[in-house]
Amino acid sequence: MFSDQWVEAEKDVIPIEQFSYAVYYAFIKYLYIDTLDLNVEDAIGVLDLANAYCDESLKMKCIRFLRNGITVDNAAHLYSIAIRYHAPELEDFAFNFCIHHMTKITQTEAFSGMEKDIIVAFVVKAGNHGAFKH
């Protein structure tokens, strides 16, 4: 890329703007010292980056981190993220968390902000798991 006829070969600085500074910083730190030190939102960004770079090891570390950071306020969002990034382990964990806190979860901004098709699939899946028995 830098020796061929690419536009980037003529530049001293190549801006990389797909991810935030915090996400790139966490990624570089992970590459050098194998440590992830971030908040949940940055972990979602690093998961996106890991998915883009096909780094399964980093993807699994992000998933474990997100599982540990799940709350009533972010569970629905993490469920959506798990579906987007094909992370069945996180999807199952977030789904079960949501089932156990269904009333509170459905009243969060994260739940109302979910894509409609994901909400429909979630409600059907919850019904199949007996969430609406009573």
# chains A, B, ... in the order shown; residues from 1 in each chain; ligands from 1

call {"tool": "residues_around", "arguments": {"residues": "range 97-112 of chain A", "least_positions_apart": "2", "cutoff": "9 Å", "atoms": "only C-alpha atoms", "output": "PyMOL selection string"}}
result
chain A and resi 70-79+92-95+114-116+119+126+129+131

call {"tool": "residues_around", "arguments": {"residues": "range 24-26 of chain A", "least_positions_apart": "2", "cutoff": "9 Å", "atoms": "only C-alpha atoms", "output": "list in words"}}
result
Phe19, Ser20, Tyr21, Ala22, Ile28, Lys29, Tyr30, Leu31, Thr35, Leu36, Asp37, Leu38, Asp42, Ala43, Gly45, Val46 and Leu49 of chain A

call {"tool": "closest_residue", "arguments": {"among": "A:Cys62, A:Ile33, A:Ile14, A:Leu90", "to": "Asp48 in chain A", "atoms": "only C-alpha atoms"}}
result
A:Cys62

call {"tool": "select_by_dssp", "arguments": {"residues": "chain A", "states": "helix (DSSP H, G or I)", "output": "number ranges by chain"}}
result
A: 7-10, 21-33, 40-52, 56-68, 75-84, 88-100, 102-105, 109-112, 116-128

call {"tool": "residues_around", "arguments": {"residues": "Ala87 in chain A", "least_positions_apart": "3", "cutoff": "10 Å", "atoms": "only C-alpha atoms", "output": "PyMOL selection string"}}
result
chain A and resi 47+59-60+63+79+81-84+90-92

call {"tool": "atom_distance", "arguments": {"atom1": "CA of Ala52 in chain A", "atom2": "CA of Val120 in chain A"}}
result
27.5 Å
